[in-house]
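Quick look at structure.cif (mmCIF, C-alpha atoms):
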data_coords
#
loop_
_atom_site.group_PDB
_atom_site.id
_atom_site.type_symbol
_atom_site.label_atom_id
_atom_site.label_comp_id
_atom_site.auth_asym_id
_atom_site.auth_seq_id
_atom_site.Cartn_x
_atom_site.Cartn_y
_atom_site.Cartn_z
ATOM 1 C CA MET A 1 -9.847 -8.110 -18.634
ATOM 2 C CA GLN A 2 -11.252 -11.582 -18.700
ATOM 3 C CA THR A 3 -10.663 -13.601 -15.577
ATOM 4 C CA ALA A 4 -9.533 -17.145 -16.120
ATOM 5 C CA PRO A 5 -11.399 -19.978 -14.397
ATOM 6 C CA GLY A 6 -10.262 -20.344 -10.789
ATOM 7 C CA VAL A 7 -8.882 -16.834 -10.755
ATOM 8 C CA SER A 8 -10.429 -13.905 -8.905
ATOM 9 C CA ALA A 9 -9.407 -10.273 -9.084
ATOM 10 C CA LEU A 10 -9.941 -8.219 -5.892
ATOM 11 C CA ASP A 11 -8.630 -4.701 -5.367
ATOM 12 C CA GLY A 12 -5.680 -5.241 -7.667
ATOM 13 C CA ILE A 13 -4.712 -8.477 -5.988
ATOM 14 C CA ARG A 14 -5.215 -11.603 -8.009
ATOM 15 C CA ILE A 15 -5.538 -14.990 -6.357
ATOM 16 C CA ARG A 16 -4.436 -17.660 -8.835
ATOM 17 C CA PRO A 17 -2.858 -21.102 -8.943
ATOM 18 C CA ALA A 18 0.914 -21.033 -8.529
ATOM 19 C CA THR A 19 3.136 -21.964 -11.458
ATOM 20 C CA ALA A 20 6.715 -23.162 -11.529
ATOM 21 C CA ALA A 21 7.738 -19.625 -12.490
ATOM 22 C CA ASP A 22 6.514 -18.414 -9.069
ATOM 23 C CA THR A 23 8.772 -20.728 -7.095
ATOM 24 C CA GLY A 24 11.617 -18.256 -6.635
ATOM 25 C CA ARG A 25 9.288 -15.557 -5.279
ATOM 26 C CA ILE A 26 7.553 -18.075 -3.006
ATOM 27 C CA VAL A 27 10.913 -19.199 -1.613
ATOM 28 C CA ALA A 28 11.944 -15.573 -1.098
ATOM 29 C CA LEU A 29 8.702 -14.640 0.668
ATOM 30 C CA ASP A 30 8.885 -17.659 2.965
ATOM 31 C CA GLN A 31 12.536 -16.978 3.745
ATOM 32 C CA ALA A 32 11.800 -13.322 4.468
ATOM 33 C CA VAL A 33 9.185 -14.367 7.042
ATOM 34 C CA THR A 34 10.718 -17.489 8.584
ATOM 35 C CA GLY A 35 14.411 -16.731 8.092
ATOM 36 C CA LEU A 36 14.921 -20.247 6.724
ATOM 37 C CA PRO A 37 15.612 -20.938 3.029
ATOM 38 C CA LYS A 38 13.744 -24.060 1.822
ATOM 39 C CA PRO A 39 14.068 -23.980 -1.985
ATOM 40 C CA ASP A 40 13.817 -27.752 -2.499
ATOM 41 C CA TYR A 41 10.714 -28.024 -0.326
ATOM 42 C CA TRP A 42 8.811 -25.238 -2.113
ATOM 43 C CA GLN A 43 9.943 -26.374 -5.558
ATOM 44 C CA ASP A 44 8.572 -29.839 -4.820
ATOM 45 C CA MET A 45 5.340 -28.436 -3.316
ATOM 46 C CA VAL A 46 4.635 -26.204 -6.313
ATOM 47 C CA ALA A 47 5.566 -28.954 -8.795
ATOM 48 C CA ARG A 48 3.174 -31.437 -7.163
ATOM 49 C CA CYS A 49 0.315 -28.967 -7.576
ATOM 50 C CA GLN A 50 0.803 -28.454 -11.318
ATOM 51 C CA PRO A 51 -1.567 -29.982 -13.871
ATOM 52 C CA PRO A 52 -1.989 -32.673 -14.941
ATOM 53 C CA GLN A 53 -2.814 -33.939 -11.495
ATOM 54 C CA ASP A 54 -5.887 -35.164 -9.704
ATOM 55 C CA ARG A 55 -7.068 -31.733 -8.472
ATOM 56 C CA ARG A 56 -6.552 -32.767 -4.898
ATOM 57 C CA ARG A 57 -3.565 -30.470 -4.364
ATOM 58 C CA PHE A 58 -3.812 -26.684 -4.464
ATOM 59 C CA PHE A 59 -1.131 -24.020 -4.285
ATOM 60 C CA LEU A 60 -2.491 -20.510 -4.669
ATOM 61 C CA VAL A 61 -0.627 -17.227 -4.735
ATOM 62 C CA ALA A 62 -1.796 -13.656 -4.131
ATOM 63 C CA GLU A 63 -0.234 -11.550 -6.864
ATOM 64 C CA ASP A 64 -0.092 -7.763 -6.924
ATOM 65 C CA GLY A 65 1.626 -6.689 -10.121
ATOM 66 C CA ASP A 66 4.938 -8.506 -10.213
ATOM 67 C CA ALA A 67 4.945 -9.185 -6.479
ATOM 68 C CA ILE A 68 3.686 -12.255 -4.698
ATOM 69 C CA ASP A 69 2.343 -11.018 -1.384
ATOM 70 C CA GLY A 70 1.027 -14.290 -0.058
ATOM 71 C CA PHE A 71 0.387 -17.925 -0.739
ATOM 72 C CA ILE A 72 -1.534 -20.883 0.617
ATOM 73 C CA ALA A 73 -1.081 -24.597 0.028
ATOM 74 C CA GLY A 74 -3.532 -27.377 0.693
ATOM 75 C CA GLU A 75 -4.388 -30.915 -0.214
ATOM 76 C CA ILE A 76 -7.343 -33.244 0.086
ATOM 77 C CA ARG A 77 -6.365 -36.324 2.106
ATOM 78 C CA SER A 78 -8.599 -39.334 2.569
ATOM 79 C CA TRP A 79 -8.880 -42.048 5.200
ATOM 80 C CA GLU A 80 -5.620 -41.384 6.994
ATOM 81 C CA PHE A 81 -6.256 -41.878 10.713
ATOM 82 C CA GLY A 82 -9.716 -43.081 9.680
ATOM 83 C CA SER A 83 -10.692 -39.607 8.519
ATOM 84 C CA PRO A 84 -13.103 -39.166 5.595
ATOM 85 C CA PRO A 85 -11.792 -36.867 2.829
ATOM 86 C CA VAL A 86 -10.841 -33.487 4.276
ATOM 87 C CA GLY A 87 -8.977 -30.466 2.953
ATOM 88 C CA TRP A 88 -5.705 -29.905 4.780
ATOM 89 C CA ILE A 89 -3.993 -26.527 4.786
ATOM 90 C CA PHE A 90 -0.261 -27.120 5.026
ATOM 91 C CA ALA A 91 1.053 -23.597 4.641
ATOM 92 C CA VAL A 92 -0.165 -20.013 4.561
ATOM 93 C CA GLN A 93 2.049 -16.977 4.361
ATOM 94 C CA VAL A 94 1.402 -13.259 3.883
ATOM 95 C CA ARG A 95 4.066 -10.595 3.470
ATOM 96 C CA PRO A 96 4.203 -8.745 6.831
ATOM 97 C CA ALA A 97 3.595 -5.343 5.222
ATOM 98 C CA ARG A 98 0.377 -6.640 3.652
ATOM 99 C CA ARG A 99 -1.090 -8.233 6.788
ATOM 100 C CA VAL A 100 -4.260 -7.219 8.662
ATOM 101 C CA ARG A 101 -5.909 -6.193 5.376
ATOM 102 C CA GLY A 102 -7.796 -9.374 4.642
ATOM 103 C CA LEU A 103 -5.304 -10.940 2.244
ATOM 104 C CA GLY A 104 -4.898 -14.053 4.379
ATOM 105 C CA THR A 105 -8.666 -14.348 4.549
ATOM 106 C CA ARG A 106 -8.907 -14.153 0.746
ATOM 107 C CA LEU A 107 -6.330 -16.906 0.394
ATOM 108 C CA PHE A 108 -8.099 -19.026 3.007
ATOM 109 C CA GLU A 109 -11.475 -18.557 1.308
ATOM 110 C CA ALA A 110 -9.970 -19.321 -2.100
ATOM 111 C CA VAL A 111 -8.460 -22.630 -1.012
ATOM 112 C CA CYS A 112 -11.702 -23.502 0.811
ATOM 113 C CA ASP A 113 -13.533 -22.893 -2.496
ATOM 114 C CA CYS A 114 -11.127 -25.339 -4.160
ATOM 115 C CA PHE A 115 -11.879 -27.928 -1.477
ATOM 116 C CA ARG A 116 -15.633 -27.361 -1.794
ATOM 117 C CA ASP A 117 -15.479 -27.662 -5.574
ATOM 118 C CA ALA A 118 -13.690 -30.976 -5.088
ATOM 119 C CA GLY A 119 -16.548 -32.181 -2.894
ATOM 120 C CA VAL A 120 -15.096 -32.056 0.624
ATOM 121 C CA HIS A 121 -16.941 -30.459 3.516
ATOM 122 C CA HIS A 122 -14.271 -29.881 6.145
ATOM 123 C CA VAL A 123 -10.983 -28.016 6.221
ATOM 124 C CA ARG A 124 -8.271 -28.898 8.744
ATOM 125 C CA THR A 125 -4.843 -27.628 9.699
ATOM 126 C CA MET A 126 -2.257 -27.903 12.455
ATOM 127 C CA VAL A 127 -0.608 -24.990 14.262
ATOM 128 C CA ALA A 128 2.404 -24.731 16.522
ATOM 129 C CA ARG A 129 1.176 -24.189 20.062
ATOM 130 C CA ASP A 130 3.386 -21.127 20.534
ATOM 131 C CA ASN A 131 2.449 -19.503 17.214
ATOM 132 C CA THR A 132 -0.300 -17.264 18.526
ATOM 133 C CA MET A 133 -0.514 -15.215 15.334
ATOM 134 C CA ILE A 134 -1.279 -18.088 12.972
ATOM 135 C CA HIS A 135 -3.474 -19.772 15.594
ATOM 136 C CA ALA A 136 -5.490 -16.541 15.927
ATOM 137 C CA PHE A 137 -5.718 -16.268 12.132
ATOM 138 C CA PHE A 138 -7.275 -19.701 11.718
ATOM 139 C CA ARG A 139 -9.568 -19.097 14.699
ATOM 140 C CA SER A 140 -10.719 -15.815 13.139
ATOM 141 C CA GLN A 141 -11.689 -17.756 10.021
ATOM 142 C CA GLY A 142 -14.020 -19.845 12.160
ATOM 143 C CA MET A 143 -11.831 -22.885 12.761
ATOM 144 C CA THR A 144 -12.148 -24.650 16.114
ATOM 145 C CA ALA A 145 -10.625 -27.784 17.646
ATOM 146 C CA GLY A 146 -11.182 -30.818 15.456
ATOM 147 C CA PRO A 147 -11.797 -34.449 16.296
ATOM 148 C CA PHE A 148 -8.111 -35.508 16.442
ATOM 149 C CA LEU A 149 -5.262 -35.035 18.881
ATOM 150 C CA GLU A 150 -1.651 -34.995 17.740
ATOM 151 C CA LEU A 151 0.677 -37.334 19.689
ATOM 152 C CA GLU A 152 4.434 -37.812 19.416
ATOM 153 C CA MET A 153 7.437 -39.215 21.265
ATOM 154 C CA ARG A 154 11.199 -39.077 21.074
ATOM 155 C CA LEU A 155 12.916 -41.995 19.367
ATOM 156 C CA ASP A 156 16.438 -41.543 20.782
ATOM 157 C CA MET B 1 -7.822 -24.084 34.368
ATOM 158 C CA ARG B 2 -10.746 -23.339 36.664
ATOM 159 C CA LEU B 3 -12.099 -19.817 36.224
ATOM 160 C CA GLN B 4 -13.289 -17.838 39.223
ATOM 161 C CA LYS B 5 -16.745 -16.359 39.234
ATOM 162 C CA ALA B 6 -15.355 -12.834 38.745
ATOM 163 C CA THR B 7 -13.513 -13.972 35.614
ATOM 164 C CA VAL B 8 -16.596 -15.525 34.071
ATOM 165 C CA PHE B 9 -18.635 -12.422 34.916
ATOM 166 C CA GLY B 10 -15.897 -10.268 33.367
ATOM 167 C CA LEU B 11 -15.983 -12.300 30.159
ATOM 168 C CA TYR B 12 -19.784 -12.078 30.026
ATOM 169 C CA ALA B 13 -19.705 -8.312 30.503
ATOM 170 C CA VAL B 14 -16.874 -7.559 28.083
ATOM 171 C CA LEU B 15 -18.330 -9.744 25.329
ATOM 172 C CA GLU B 16 -21.857 -8.431 25.869
ATOM 173 C CA LEU B 17 -20.638 -4.845 25.624
ATOM 174 C CA ALA B 18 -18.198 -5.520 22.765
ATOM 175 C CA ALA B 19 -21.026 -7.036 20.732
ATOM 176 C CA ALA B 20 -22.445 -3.508 20.320
ATOM 177 C CA PRO B 21 -19.796 -0.910 21.239
ATOM 178 C CA ASP B 22 -22.146 2.043 20.668
ATOM 179 C CA ARG B 23 -24.661 0.677 23.161
ATOM 180 C CA GLN B 24 -24.608 1.401 26.886
ATOM 181 C CA LEU B 25 -25.828 -1.199 29.328
ATOM 182 C CA THR B 26 -26.397 -0.909 33.047
ATOM 183 C CA VAL B 27 -25.059 -3.393 35.568
ATOM 184 C CA THR B 28 -28.616 -4.574 36.192
ATOM 185 C CA GLU B 29 -29.314 -5.161 32.511
ATOM 186 C CA ILE B 30 -26.232 -7.355 32.130
ATOM 187 C CA ALA B 31 -26.766 -9.136 35.459
ATOM 188 C CA ASP B 32 -30.397 -9.913 34.620
ATOM 189 C CA LYS B 33 -29.519 -11.273 31.189
ATOM 190 C CA TYR B 34 -26.982 -13.742 32.603
ATOM 191 C CA GLY B 35 -28.758 -14.426 35.890
ATOM 192 C CA ILE B 36 -25.802 -13.303 37.991
ATOM 193 C CA SER B 37 -25.309 -11.096 41.049
ATOM 194 C CA ALA B 38 -25.503 -7.393 40.156
ATOM 195 C CA HIS B 39 -23.459 -6.557 43.259
ATOM 196 C CA HIS B 40 -20.621 -8.850 42.192
ATOM 197 C CA LEU B 41 -20.832 -7.723 38.568
ATOM 198 C CA ALA B 42 -20.566 -4.063 39.614
ATOM 199 C CA LYS B 43 -17.193 -4.803 41.211
ATOM 200 C CA VAL B 44 -16.059 -6.681 38.117
ATOM 201 C CA LEU B 45 -17.079 -3.795 35.848
ATOM 202 C CA ARG B 46 -15.080 -1.370 37.980
ATOM 203 C CA ASP B 47 -12.023 -3.611 37.441
ATOM 204 C CA LEU B 48 -12.716 -3.684 33.704
ATOM 205 C CA GLY B 49 -12.997 0.110 33.751
ATOM 206 C CA ARG B 50 -9.666 0.481 35.536
ATOM 207 C CA ALA B 51 -8.128 -1.789 32.864
ATOM 208 C CA GLY B 52 -9.472 0.512 30.136
ATOM 209 C CA LEU B 53 -11.774 -2.048 28.556
ATOM 210 C CA VAL B 54 -15.050 -0.374 29.460
ATOM 211 C CA ASP B 55 -16.122 3.170 30.199
ATOM 212 C CA SER B 56 -18.866 4.202 32.582
ATOM 213 C CA VAL B 57 -21.409 6.862 31.749
ATOM 214 C CA ARG B 58 -23.071 8.386 34.800
ATOM 215 C CA GLY B 59 -26.569 9.717 35.186
ATOM 216 C CA ALA B 60 -29.909 8.851 33.642
ATOM 217 C CA GLY B 61 -29.447 6.569 30.641
ATOM 218 C CA GLY B 62 -25.951 5.848 31.856
ATOM 219 C CA GLY B 63 -24.239 2.528 32.056
ATOM 220 C CA TYR B 64 -21.169 0.885 30.636
ATOM 221 C CA ARG B 65 -19.860 0.679 27.083
ATOM 222 C CA PHE B 66 -16.945 -1.167 25.533
ATOM 223 C CA VAL B 67 -13.935 0.993 24.621
ATOM 224 C CA GLY B 68 -11.278 -1.643 23.875
ATOM 225 C CA ASP B 69 -10.117 -3.116 20.562
ATOM 226 C CA ALA B 70 -12.161 -6.272 20.046
ATOM 227 C CA ARG B 71 -9.863 -7.479 17.256
ATOM 228 C CA ARG B 72 -6.770 -7.238 19.478
ATOM 229 C CA LEU B 73 -8.041 -8.169 22.936
ATOM 230 C CA THR B 74 -8.123 -11.886 23.568
ATOM 231 C CA LEU B 75 -10.032 -13.995 26.055
ATOM 232 C CA MET B 76 -6.741 -14.493 27.894
ATOM 233 C CA ASP B 77 -6.234 -10.720 28.179
ATOM 234 C CA VAL B 78 -9.524 -10.517 30.080
ATOM 235 C CA ILE B 79 -8.825 -13.639 32.145
ATOM 236 C CA ARG B 80 -5.441 -12.272 33.240
ATOM 237 C CA LEU B 81 -7.200 -9.292 34.846
ATOM 238 C CA PHE B 82 -8.792 -11.646 37.348
ATOM 239 C CA GLU B 83 -6.581 -14.741 37.494
ATOM 240 C CA ASP B 84 -2.921 -15.391 38.157
ATOM 241 C CA VAL B 85 -2.555 -17.724 35.196
ATOM 242 C CA GLU B 86 1.126 -18.415 35.769
ATOM 243 C CA ALA B 87 0.553 -19.355 39.415
ATOM 244 C CA ASP B 88 -2.313 -21.609 38.339
ATOM 245 C CA ALA B 89 0.010 -23.457 35.962
ATOM 246 C CA ASP B 90 2.525 -23.953 38.784
ATOM 247 C CA ASP B 91 -0.117 -25.188 41.213
ATOM 248 C CA GLN B 92 0.975 -28.798 40.941
ATOM 249 C CA PRO B 93 3.253 -30.971 43.089
ATOM 250 C CA GLN B 94 6.779 -29.972 42.081
ATOM 251 C CA ALA B 95 8.481 -33.244 42.969
ATOM 252 C CA GLY B 96 7.777 -36.467 44.713
ATOM 253 C CA PRO B 97 7.097 -40.111 43.953
ATOM 254 C CA GLY B 98 6.994 -41.092 40.304
ATOM 255 C CA ILE B 99 3.217 -41.272 40.282
ATOM 256 C CA ALA B 100 2.941 -37.643 41.464
ATOM 257 C CA GLU B 101 5.416 -36.519 38.834
ATOM 258 C CA GLY B 102 3.598 -38.515 36.184
ATOM 259 C CA LEU B 103 0.274 -36.949 37.115
ATOM 260 C CA ARG B 104 1.859 -33.495 37.025
ATOM 261 C CA PHE B 105 3.175 -34.267 33.535
ATOM 262 C CA VAL B 106 -0.263 -35.318 32.252
ATOM 263 C CA LEU B 107 -2.073 -32.381 33.864
ATOM 264 C CA ALA B 108 0.524 -30.015 32.401
ATOM 265 C CA GLU B 109 -0.215 -31.559 29.002
ATOM 266 C CA VAL B 110 -3.891 -30.688 29.435
ATOM 267 C CA ASP B 111 -3.040 -27.136 30.549
ATOM 268 C CA SER B 112 -0.642 -26.698 27.636
ATOM 269 C CA HIS B 113 -3.646 -26.545 25.308
ATOM 270 C CA THR B 114 -5.648 -24.142 27.431
ATOM 271 C CA VAL B 115 -3.473 -21.036 27.401
ATOM 272 C CA PRO B 116 -2.676 -21.042 23.643
ATOM 273 C CA THR B 117 -6.371 -21.549 22.906
ATOM 274 C CA LEU B 118 -7.481 -18.627 25.074
ATOM 275 C CA GLN B 119 -4.651 -16.459 23.719
ATOM 276 C CA SER B 120 -5.673 -17.151 20.124
ATOM 277 C CA ILE B 121 -9.326 -16.137 20.434
ATOM 278 C CA SER B 122 -9.941 -12.410 20.178
ATOM 279 C CA LEU B 123 -13.173 -10.898 21.412
ATOM 280 C CA ALA B 124 -14.168 -10.324 17.760
ATOM 281 C CA THR B 125 -13.482 -13.977 16.921
ATOM 282 C CA MET B 126 -15.438 -15.072 20.002
ATOM 283 C CA LEU B 127 -18.423 -12.955 18.979
ATOM 284 C CA LYS B 128 -18.317 -14.457 15.471
ATOM 285 C CA LEU B 129 -18.233 -17.916 17.052
ATOM 286 C CA VAL B 130 -21.263 -17.053 19.194
ATOM 287 C CA ALA B 131 -23.130 -15.822 16.105
ATOM 288 C CA ARG B 132 -22.280 -19.007 14.194
ATOM 289 C CA ARG B 133 -23.175 -21.332 17.083
ATOM 290 C CA PRO B 134 -21.176 -24.335 15.839
ATOM 291 C CA TRP B 135 -22.193 -26.306 18.934
ATOM 292 C CA VAL B 136 -25.740 -26.429 17.565
ATOM 293 C CA ASN B 137 -25.044 -27.917 14.105
ATOM 294 C CA GLY B 138 -21.919 -29.823 15.045
ATOM 295 C CA SER B 139 -19.699 -28.012 12.528
ATOM 296 C CA SER B 140 -16.863 -27.823 15.042
ATOM 297 C CA GLY B 141 -16.073 -31.438 14.252
ATOM 298 C CA ARG B 142 -15.864 -32.404 17.892
#
How would this structure read if it were set down as structure tokens?
Amino acid sequence: MQTAPGVSALDGIRIRPATAADTGRIVALDQAVTGLPKPDYWQDMVARCQPPQDRRRFFLVAEDGDAIDGFIAGEIRSWEFGSPPVGWIFAVQVRPARRVRGLGTRLFEAVCDCFRDAGVHHVRTMVARDNTMIHAFFRSQGMTAGPFLELEMRLD
Amino acid sequence: MRLQKATVFGLYAVLELAAAPDRQLTVTEIADKYGISAHHLAKVLRDLGRAGLVDSVRGAGGGYRFVGDARRLTLMDVIRLFEDVEADADDQPQAGPGIAEGLRFVLAEVDSHTVPTLQSISLATMLKLVARRPWVNGSSGR
């Protein structure tokens, strides 16, 4: 089988760009993990990553047969907070039954390849302080503290 | 968070042994490599043995070897063997003038990054970090 550009086949799992037809399965996977349905959010996220666009937004899925077992979404952002262009990872999700087998790593590496191909040299993300699992995942990929601190305050 | 000497020695020993789980090292070999007290390290290794992280092999050619799960054990798991982390977090003035409360708030903010960071770094991740040495080429971004 010929592999389309930007698509890699590994042990039956194919990492490929998401299409609008994947949205329902992405919503279902996210809801199964987080318990929160966010159909409008994911529909918008997937739609914004569809061609034609400027190849600065990437939404990849890990497909095994008809199932989507994981996804990752990222975007190249430039000059916000004075930061040179950097690839941001906004979301990563792997079906619990498929975890600890390297699928998250494949998704991470795939989106990093997209960022590299687009000419950026750093990848960045943000994690909830109490989410040890996702924090440990990004650390295991080699990520460390970056040059920014997040600040916030209540407005009421 | 200020780490006691025993904690730092424990981290040295566990990481050194976890880097090559099939290898046995004596107390002296580890102590010499890090320039630390062999007497103190011996006590630390006994604690690590009681916690099931290392195993001692007696006799000629004996020493210690790592028997834990480097992908599951985190830096905080090792630190908790030697430090009362919760008590450390509470070791601030509980009430008082506004300035004291304000300082407690800011120091708590600093501490709030420490525990999640140490909890998120497994021994395997730490060893990969050591191999990559991001502090040399500046790839950490800091």
Problem set entry | Selection result of the PyMOL selection byres ((chain A) within 7 of (chain B)) on this file, as a ChimeraX atom specification | /A:129-130,132,135-136,139-140,142,144-147
Could you build a table of the residues in segment 41-154 of chain A lying no more than 6 Å from segment 7-30 of chain A, giving for each the nearest pair of atoms and their separation in Å rounded to one decimal place, using all atoms listed in the file, ordered by chain and ascending residue number, as a tab-separated table?
residue	atom	partner	partner_atom	distance
A:Gln43	CA	A:Thr23	CA	6.0
A:Phe59	CA	A:Ala18	CA	5.6
A:Leu60	CA	A:Pro17	CA	4.3
A:Val61	CA	A:Ala18	CA	5.6
A:Ala62	CA	A:Ile15	CA	4.6
A:Glu63	CA	A:Arg14	CA	5.1
A:Asp64	CA	A:Ile13	CA	4.8
For this session: Could you tell me how far atom CA of Lys43 of chain B lies from atom CA of Asp22 of chain B, in Å and to one decimal?
Result: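 So the answer is 22.2 Å.
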Seminar exercise, completed: Using all atoms listed in the file, the best pick from A:Lys38, A:Ala91, A:Val86, A:Leu103 as closest to Arg116 of chain A would be A:Val86
Problem set entry | Contact residues around Thr105 of chain A with only C-alpha atoms at 9 Å, ignoring same-chain residues under 5 positions, as a list of chain:residue names | A:Ala110, A:Phe137, A:Ser140, A:Gln141
